[in-house]
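S.K.: Data: model27.cif, mmCIF, C-alpha atoms; chains and numbers go by the auth columns.
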```
data_coords
loop_
_atom_site.group_PDB
_atom_site.id
_atom_site.type_symbol
_atom_site.label_atom_id
_atom_site.label_comp_id
_atom_site.label_asym_id
_atom_site.label_seq_id
_atom_site.Cartn_x
_atom_site.Cartn_y
_atom_site.Cartn_z
_atom_site.B_iso_or_equiv
_atom_site.auth_seq_id
_atom_site.auth_asym_id
ATOM 1 C CA MET A 1 -78.022 -54.675 7.403 0.00 28 V
ATOM 2 C CA LYS A 2 -76.261 -58.005 8.054 0.00 29 V
ATOM 3 C CA PRO A 3 -75.027 -58.313 4.441 0.00 30 V
ATOM 4 C CA LEU A 4 -73.582 -54.804 4.618 0.00 31 V
ATOM 5 C CA MET A 5 -71.745 -55.576 7.868 0.00 32 V
ATOM 6 C CA PHE A 6 -70.432 -58.817 6.357 0.00 33 V
ATOM 7 C CA ILE A 7 -69.074 -56.998 3.297 0.00 34 V
ATOM 8 C CA LEU A 8 -67.454 -54.266 5.399 0.00 35 V
ATOM 9 C CA SER A 9 -65.885 -56.868 7.716 0.00 36 V
ATOM 10 C CA PHE A 10 -64.589 -58.825 4.727 0.00 37 V
ATOM 11 C CA LEU A 11 -63.020 -55.678 3.179 0.00 38 V
ATOM 12 C CA PHE A 12 -61.381 -54.760 6.489 0.00 39 V
ATOM 13 C CA MET A 13 -59.936 -58.230 6.983 0.00 40 V
ATOM 14 C CA SER A 14 -58.744 -58.370 3.369 0.00 41 V
ATOM 15 C CA SER A 15 -56.729 -55.214 3.843 0.00 42 V
ATOM 16 C CA VAL A 16 -55.213 -56.490 7.098 0.00 43 V
ATOM 17 C CA PHE A 17 -54.000 -59.721 5.499 0.00 44 V
ATOM 18 C CA ALA A 18 -53.061 -58.294 2.118 0.00 45 V
ATOM 19 C CA ASP A 19 -49.633 -59.128 0.743 0.00 46 V
ATOM 20 C CA SER A 20 -47.333 -56.275 1.720 0.00 47 V
ATOM 21 C CA SER A 21 -44.102 -57.886 0.500 0.00 48 V
ATOM 22 C CA THR A 22 -43.771 -55.254 -2.240 0.00 49 V
ATOM 23 C CA PRO A 23 -43.816 -51.853 -0.602 0.00 50 V
ATOM 24 C CA ALA A 24 -45.056 -48.918 -2.604 0.00 51 V
ATOM 25 C CA PRO A 25 -42.230 -46.773 -3.963 0.00 52 V
ATOM 26 C CA VAL A 26 -41.528 -43.774 -1.796 0.00 53 V
ATOM 27 C CA GLY A 27 -40.066 -40.656 -3.318 0.00 54 V
ATOM 28 C CA PRO A 28 -39.752 -37.050 -2.369 0.00 55 V
ATOM 29 C CA ARG A 29 -43.071 -35.263 -2.211 0.00 56 V
ATOM 30 C CA VAL A 30 -43.277 -31.962 -3.993 0.00 57 V
ATOM 31 C CA SER A 31 -45.823 -29.378 -2.979 0.00 58 V
ATOM 32 C CA VAL A 32 -47.480 -27.379 -5.742 0.00 59 V
ATOM 33 C CA PHE A 33 -49.020 -24.973 -3.280 0.00 60 V
ATOM 34 C CA SER A 34 -47.630 -21.488 -2.889 0.00 61 V
ATOM 35 C CA THR A 35 -45.117 -20.864 -0.150 0.00 62 V
ATOM 36 C CA THR A 36 -45.492 -17.129 -0.488 0.00 63 V
ATOM 37 C CA VAL A 37 -45.418 -15.289 2.803 0.00 64 V
ATOM 38 C CA ASP A 38 -47.387 -12.134 3.443 0.00 65 V
ATOM 39 C CA TRP A 39 -44.793 -9.706 2.107 0.00 66 V
ATOM 40 C CA ALA A 40 -46.869 -6.691 3.118 0.00 67 V
ATOM 41 C CA ALA A 41 -46.995 -7.877 6.720 0.00 68 V
ATOM 42 C CA ILE A 42 -43.292 -8.607 7.012 0.00 69 V
ATOM 43 C CA THR A 43 -42.083 -5.499 5.152 0.00 70 V
ATOM 44 C CA GLY A 44 -44.673 -2.930 6.201 0.00 71 V
ATOM 45 C CA ILE A 45 -45.061 -1.959 2.518 0.00 72 V
ATOM 46 C CA PRO A 46 -48.615 -2.248 1.137 0.00 73 V
ATOM 47 C CA LEU A 47 -49.240 -4.453 -1.897 0.00 74 V
ATOM 48 C CA LYS A 48 -50.387 -2.842 -5.163 0.00 75 V
ATOM 49 C CA GLN A 49 -51.740 -4.313 -8.381 0.00 76 V
ATOM 50 C CA PHE A 50 -49.752 -3.886 -11.603 0.00 77 V
ATOM 51 C CA THR A 51 -50.793 -4.801 -15.143 0.00 78 V
ATOM 52 C CA GLY A 52 -48.454 -5.584 -17.979 0.00 79 V
ATOM 53 C CA THR A 53 -48.643 -5.331 -21.737 0.00 80 V
ATOM 54 C CA ILE A 54 -46.225 -7.042 -24.077 0.00 81 V
ATOM 55 C CA LYS A 55 -45.073 -5.401 -27.293 0.00 82 V
ATOM 56 C CA GLY A 56 -42.171 -5.412 -29.670 0.00 83 V
ATOM 57 C CA HIS A 57 -41.201 -7.764 -32.377 0.00 84 V
ATOM 58 C CA ASP A 58 -38.535 -10.383 -32.780 0.00 85 V
ATOM 59 C CA LYS A 59 -39.784 -12.787 -35.473 0.00 86 V
ATOM 60 C CA SER A 60 -36.814 -15.103 -35.019 0.00 87 V
ATOM 61 C CA PHE A 61 -37.805 -15.617 -31.381 0.00 88 V
ATOM 62 C CA VAL A 62 -41.607 -15.325 -31.513 0.00 89 V
ATOM 63 C CA LYS A 63 -41.981 -17.663 -34.557 0.00 90 V
ATOM 64 C CA GLN A 64 -45.591 -18.977 -34.710 0.00 91 V
ATOM 65 C CA GLY A 65 -46.305 -17.486 -31.304 0.00 92 V
ATOM 66 C CA LEU A 66 -44.739 -17.134 -27.894 0.00 93 V
ATOM 67 C CA VAL A 67 -46.370 -18.442 -24.705 0.00 94 V
ATOM 68 C CA LEU A 68 -45.122 -16.720 -21.553 0.00 95 V
ATOM 69 C CA TYR A 69 -45.712 -17.896 -17.974 0.00 96 V
ATOM 70 C CA TYR A 70 -44.826 -15.337 -15.298 0.00 97 V
ATOM 71 C CA LEU A 71 -42.410 -16.700 -12.678 0.00 98 V
ATOM 72 C CA ASP A 72 -43.100 -15.315 -9.202 0.00 99 V
ATOM 73 C CA SER A 73 -40.197 -13.460 -7.664 0.00 100 V
ATOM 74 C CA PHE A 74 -39.735 -10.724 -5.109 0.00 101 V
ATOM 75 C CA PRO A 75 -41.197 -8.037 -5.085 0.00 102 V
ATOM 76 C CA CYS A 76 -44.130 -9.535 -7.070 0.00 103 V
ATOM 77 C CA TYR A 77 -46.272 -12.573 -7.395 0.00 104 V
ATOM 78 C CA GLY A 78 -48.761 -13.234 -10.167 0.00 105 V
ATOM 79 C CA GLU A 79 -52.513 -13.371 -9.760 0.00 106 V
ATOM 80 C CA ALA A 80 -53.562 -16.949 -10.495 0.00 107 V
ATOM 81 C CA ASP A 81 -55.760 -16.229 -13.517 0.00 108 V
ATOM 82 C CA SER A 82 -53.372 -13.723 -15.075 0.00 109 V
ATOM 83 C CA VAL A 83 -49.905 -15.211 -15.405 0.00 110 V
ATOM 84 C CA ARG A 84 -50.102 -16.815 -18.870 0.00 111 V
ATOM 85 C CA VAL A 85 -50.037 -14.709 -22.021 0.00 112 V
ATOM 86 C CA TRP A 86 -49.579 -15.477 -25.685 0.00 113 V
ATOM 87 C CA PHE A 87 -47.770 -13.103 -27.986 0.00 114 V
ATOM 88 C CA SER A 88 -48.438 -13.420 -31.729 0.00 115 V
ATOM 89 C CA PRO A 89 -45.975 -13.032 -34.608 0.00 116 V
ATOM 90 C CA LYS A 90 -47.905 -9.859 -35.543 0.00 117 V
ATOM 91 C CA GLY A 91 -47.555 -8.311 -32.067 0.00 118 V
ATOM 92 C CA LYS A 92 -50.995 -9.182 -30.668 0.00 119 V
ATOM 93 C CA MET A 93 -51.172 -10.171 -26.982 0.00 120 V
ATOM 94 C CA SER A 94 -53.752 -12.659 -25.736 0.00 121 V
ATOM 95 C CA GLY A 95 -54.266 -13.165 -22.005 0.00 122 V
ATOM 96 C CA HIS A 96 -53.582 -10.917 -19.034 0.00 123 V
ATOM 97 C CA LEU A 97 -50.544 -10.159 -16.982 0.00 124 V
ATOM 98 C CA ARG A 98 -51.582 -8.946 -13.530 0.00 125 V
ATOM 99 C CA LEU A 99 -49.113 -8.869 -10.683 0.00 126 V
ATOM 100 C CA VAL A 100 -49.361 -7.972 -7.018 0.00 127 V
ATOM 101 C CA CYS A 101 -46.196 -6.204 -5.920 0.00 128 V
ATOM 102 C CA LEU A 102 -44.703 -4.258 -3.050 0.00 129 V
ATOM 103 C CA TYR A 103 -43.210 -1.894 -5.633 0.00 130 V
ATOM 104 C CA LYS A 104 -42.656 -1.850 -9.392 0.00 131 V
ATOM 105 C CA PRO A 105 -40.069 -4.447 -10.389 0.00 132 V
ATOM 106 C CA GLU A 106 -37.108 -3.501 -12.573 0.00 133 V
ATOM 107 C CA THR A 107 -37.225 -6.847 -14.409 0.00 134 V
ATOM 108 C CA ILE A 108 -39.515 -9.847 -14.448 0.00 135 V
ATOM 109 C CA SER A 109 -38.918 -13.405 -15.593 0.00 136 V
ATOM 110 C CA PHE A 110 -41.022 -15.776 -17.640 0.00 137 V
ATOM 111 C CA ALA A 111 -40.910 -19.414 -18.575 0.00 138 V
ATOM 112 C CA TRP A 112 -41.411 -19.460 -22.360 0.00 139 V
ATOM 113 C CA ARG A 113 -42.072 -21.711 -25.306 0.00 140 V
ATOM 114 C CA ASN A 114 -43.013 -21.273 -28.938 0.00 141 V
ATOM 115 C CA ALA A 115 -46.571 -22.350 -29.751 0.00 142 V
ATOM 116 C CA ASP A 116 -49.662 -21.106 -31.528 0.00 143 V
ATOM 117 C CA GLU A 117 -52.492 -19.495 -29.553 0.00 144 V
ATOM 118 C CA GLN A 118 -54.677 -22.609 -29.316 0.00 145 V
ATOM 119 C CA ALA A 119 -51.887 -24.948 -28.172 0.00 146 V
ATOM 120 C CA LEU A 120 -52.431 -26.675 -24.856 0.00 147 V
ATOM 121 C CA ASP A 121 -50.104 -25.963 -21.964 0.00 148 V
ATOM 122 C CA SER A 122 -46.983 -28.037 -22.158 0.00 149 V
ATOM 123 C CA VAL A 123 -43.440 -28.037 -20.866 0.00 150 V
ATOM 124 C CA SER A 124 -41.768 -24.698 -21.448 0.00 151 V
ATOM 125 C CA THR A 125 -38.363 -24.217 -23.060 0.00 152 V
ATOM 126 C CA GLY A 126 -36.439 -21.941 -20.719 0.00 153 V
ATOM 127 C CA ILE A 127 -36.265 -18.621 -18.910 0.00 154 V
ATOM 128 C CA LEU A 128 -36.730 -15.131 -20.333 0.00 155 V
ATOM 129 C CA THR A 129 -35.838 -12.020 -18.304 0.00 156 V
ATOM 130 C CA CYS A 130 -37.389 -8.733 -19.379 0.00 157 V
ATOM 131 C CA PRO A 131 -36.937 -5.106 -18.300 0.00 158 V
ATOM 132 C CA VAL A 132 -40.111 -3.335 -17.147 0.00 159 V
ATOM 133 C CA ASP A 133 -41.010 0.115 -18.513 0.00 160 V
ATOM 134 C CA GLY A 134 -43.737 2.293 -17.023 0.00 161 V
ATOM 135 C CA GLU A 135 -45.422 2.325 -13.651 0.00 162 V
ATOM 136 C CA ARG A 136 -48.682 0.602 -12.554 0.00 163 V
ATOM 137 C CA ASN A 137 -49.530 -0.198 -16.194 0.00 164 V
ATOM 138 C CA PHE A 138 -46.126 -1.328 -17.382 0.00 165 V
ATOM 139 C CA THR A 139 -44.859 -2.474 -20.771 0.00 166 V
ATOM 140 C CA ILE A 140 -42.476 -5.250 -21.709 0.00 167 V
ATOM 141 C CA ASP A 141 -40.675 -5.027 -25.042 0.00 168 V
ATOM 142 C CA ILE A 142 -39.868 -8.541 -26.287 0.00 169 V
ATOM 143 C CA ALA A 143 -36.938 -7.168 -28.291 0.00 170 V
ATOM 144 C CA LYS A 144 -35.281 -6.021 -25.018 0.00 171 V
ATOM 145 C CA CYS A 145 -35.731 -9.351 -23.181 0.00 172 V
ATOM 146 C CA GLU A 146 -32.766 -11.577 -22.507 0.00 173 V
ATOM 147 C CA ARG A 147 -33.067 -15.289 -23.143 0.00 174 V
ATOM 148 C CA GLY A 148 -31.524 -17.321 -20.385 0.00 175 V
ATOM 149 C CA LYS A 149 -30.603 -20.963 -20.482 0.00 176 V
ATOM 150 C CA ASN A 150 -33.018 -23.630 -21.583 0.00 177 V
ATOM 151 C CA TRP A 151 -34.280 -25.825 -18.755 0.00 178 V
ATOM 152 C CA LYS A 152 -32.244 -28.801 -19.984 0.00 179 V
ATOM 153 C CA GLU A 153 -29.082 -26.706 -19.538 0.00 180 V
ATOM 154 C CA ILE A 154 -29.873 -25.710 -15.946 0.00 181 V
ATOM 155 C CA ARG A 155 -28.706 -28.083 -13.236 0.00 182 V
#
```
Spit out the file's structure as structure tokens when you get a sec.

M.R.:
Amino acid sequence: MKPLMFILSFLFMSSVFADSSTPAPVGPRVSVFSTTVDWAAITGIPLKQFTGTIKGHDKSFVKQGLVLYYLDSFPCYGEADSVRVWFSPKGKMSGHLRLVCLYKPETISFAWRNADEQALDSVSTGILTCPVDGERNFTIDIAKCERGKNWKEIR
């Protein structure tokens, strides 16, 4: 017991007398936790689940594949396990798009990048805004989506 107390005392004293002449850099802290409020509670409109399917074909845009990450925006937010999908050059969709919404959105936005299906997540290229067709099981036609600016162009 005495050796343990000695070691703990030594560690405590070392931290008290440690050189603090070089302060640790302090920068803005960014939270990665959701700031979403309970939209149903503040609007009185009940939340509903919506599922999306991606179709269409634009080989010049899809290339070897297109990774889409849903960007939360009113009236919807994405369910955590269902906001990343991959769209193949042949029109195959891999992944799920499930949203919780107050009502069906007219458009939804994605962060996008070109990559094959097995590529690891990486920095996306820019924003893609797509019209939504259908109701609870909606469809997004890639050919009707509008490419916004690339992230490097947004300031």

S.K.: Figure out the distance between CA of Val64 in chain V and CA of Arg140 in chain V, please, to one decimal in Å.

M.R.: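 Calculated distance between CA of Arg140 in chain V and CA of Val64 in chain V is 29.0 Å.
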
S.K.: Determine the residue set returned by the PyMOL selection byres ((chain V and resi 102) around 8) for the present structure, and present it as a PDB file with C-alpha atoms, keeping the file's coordinate frame.

M.R.:
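expr-v8.pdb was written with the following content:
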```pdb
ATOM      1  CA  SER V 100     -40.197 -13.460  -7.664  1.00  0.00           C
ATOM      2  CA  PHE V 101     -39.735 -10.724  -5.109  1.00  0.00           C
ATOM      3  CA  CYS V 103     -44.130  -9.535  -7.070  1.00  0.00           C
ATOM      4  CA  TYR V 104     -46.272 -12.573  -7.395  1.00  0.00           C
ATOM      5  CA  CYS V 128     -46.196  -6.204  -5.920  1.00  0.00           C
ATOM      6  CA  LEU V 129     -44.703  -4.258  -3.050  1.00  0.00           C
ATOM      7  CA  TYR V 130     -43.210  -1.894  -5.633  1.00  0.00           C
ATOM      8  CA  LYS V 131     -42.656  -1.850  -9.392  1.00  0.00           C
ATOM      9  CA  PRO V 132     -40.069  -4.447 -10.389  1.00  0.00           C
TER      10      PRO V 132
END
```

S.K.: Which is closer to Arg174 in chain V than all the others in V:Glu106, V:Asp65, V:Arg111, V:Phe88, using all atoms listed in the file?

M.R.: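 Between V:Glu106, V:Asp65, V:Arg111, V:Phe88, the residue approaching Arg174 in chain V most closely is V:Phe88.
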
S.K.: What residues come out when you apply the PyMOL selection byres ((chain V and resi 76-80) around 9) to this file, written as a PyMOL selection string?

M.R.: chain V and resi 74-75+81-82+120+123-129+131+159+162-168

S.K.: Deliver the residues from the most recent selection as a file, using C-alpha atoms, as a PDB file, in the frame of the given file.

M.R.:
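Output saved as out38.pdb:
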```
ATOM      1  CA  LEU V  74     -49.240  -4.453  -1.897  1.00  0.00           C
ATOM      2  CA  LYS V  75     -50.387  -2.842  -5.163  1.00  0.00           C
ATOM      3  CA  ILE V  81     -46.225  -7.042 -24.077  1.00  0.00           C
ATOM      4  CA  LYS V  82     -45.073  -5.401 -27.293  1.00  0.00           C
ATOM      5  CA  MET V 120     -51.172 -10.171 -26.982  1.00  0.00           C
ATOM      6  CA  HIS V 123     -53.582 -10.917 -19.034  1.00  0.00           C
ATOM      7  CA  LEU V 124     -50.544 -10.159 -16.982  1.00  0.00           C
ATOM      8  CA  ARG V 125     -51.582  -8.946 -13.530  1.00  0.00           C
ATOM      9  CA  LEU V 126     -49.113  -8.869 -10.683  1.00  0.00           C
ATOM     10  CA  VAL V 127     -49.361  -7.972  -7.018  1.00  0.00           C
ATOM     11  CA  CYS V 128     -46.196  -6.204  -5.920  1.00  0.00           C
ATOM     12  CA  LEU V 129     -44.703  -4.258  -3.050  1.00  0.00           C
ATOM     13  CA  LYS V 131     -42.656  -1.850  -9.392  1.00  0.00           C
ATOM     14  CA  VAL V 159     -40.111  -3.335 -17.147  1.00  0.00           C
ATOM     15  CA  GLU V 162     -45.422   2.325 -13.651  1.00  0.00           C
ATOM     16  CA  ARG V 163     -48.682   0.602 -12.554  1.00  0.00           C
ATOM     17  CA  ASN V 164     -49.530  -0.198 -16.194  1.00  0.00           C
ATOM     18  CA  PHE V 165     -46.126  -1.328 -17.382  1.00  0.00           C
ATOM     19  CA  THR V 166     -44.859  -2.474 -20.771  1.00  0.00           C
ATOM     20  CA  ILE V 167     -42.476  -5.250 -21.709  1.00  0.00           C
ATOM     21  CA  ASP V 168     -40.675  -5.027 -25.042  1.00  0.00           C
TER      22      ASP V 168
END
```

S.K.: Between CA of Phe114 in chain V and CA of Lys171 in chain V, what is the spacing in Å?

M.R.: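 Separation between CA of Lys171 in chain V and CA of Phe114 in chain V: 14.7 Å.
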
S.K.: CA of Ser87 in chain V to CA of Gly105 in chain V: how many Å, to one decimal?

M.R.: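 A separation of 27.6 Å between them.
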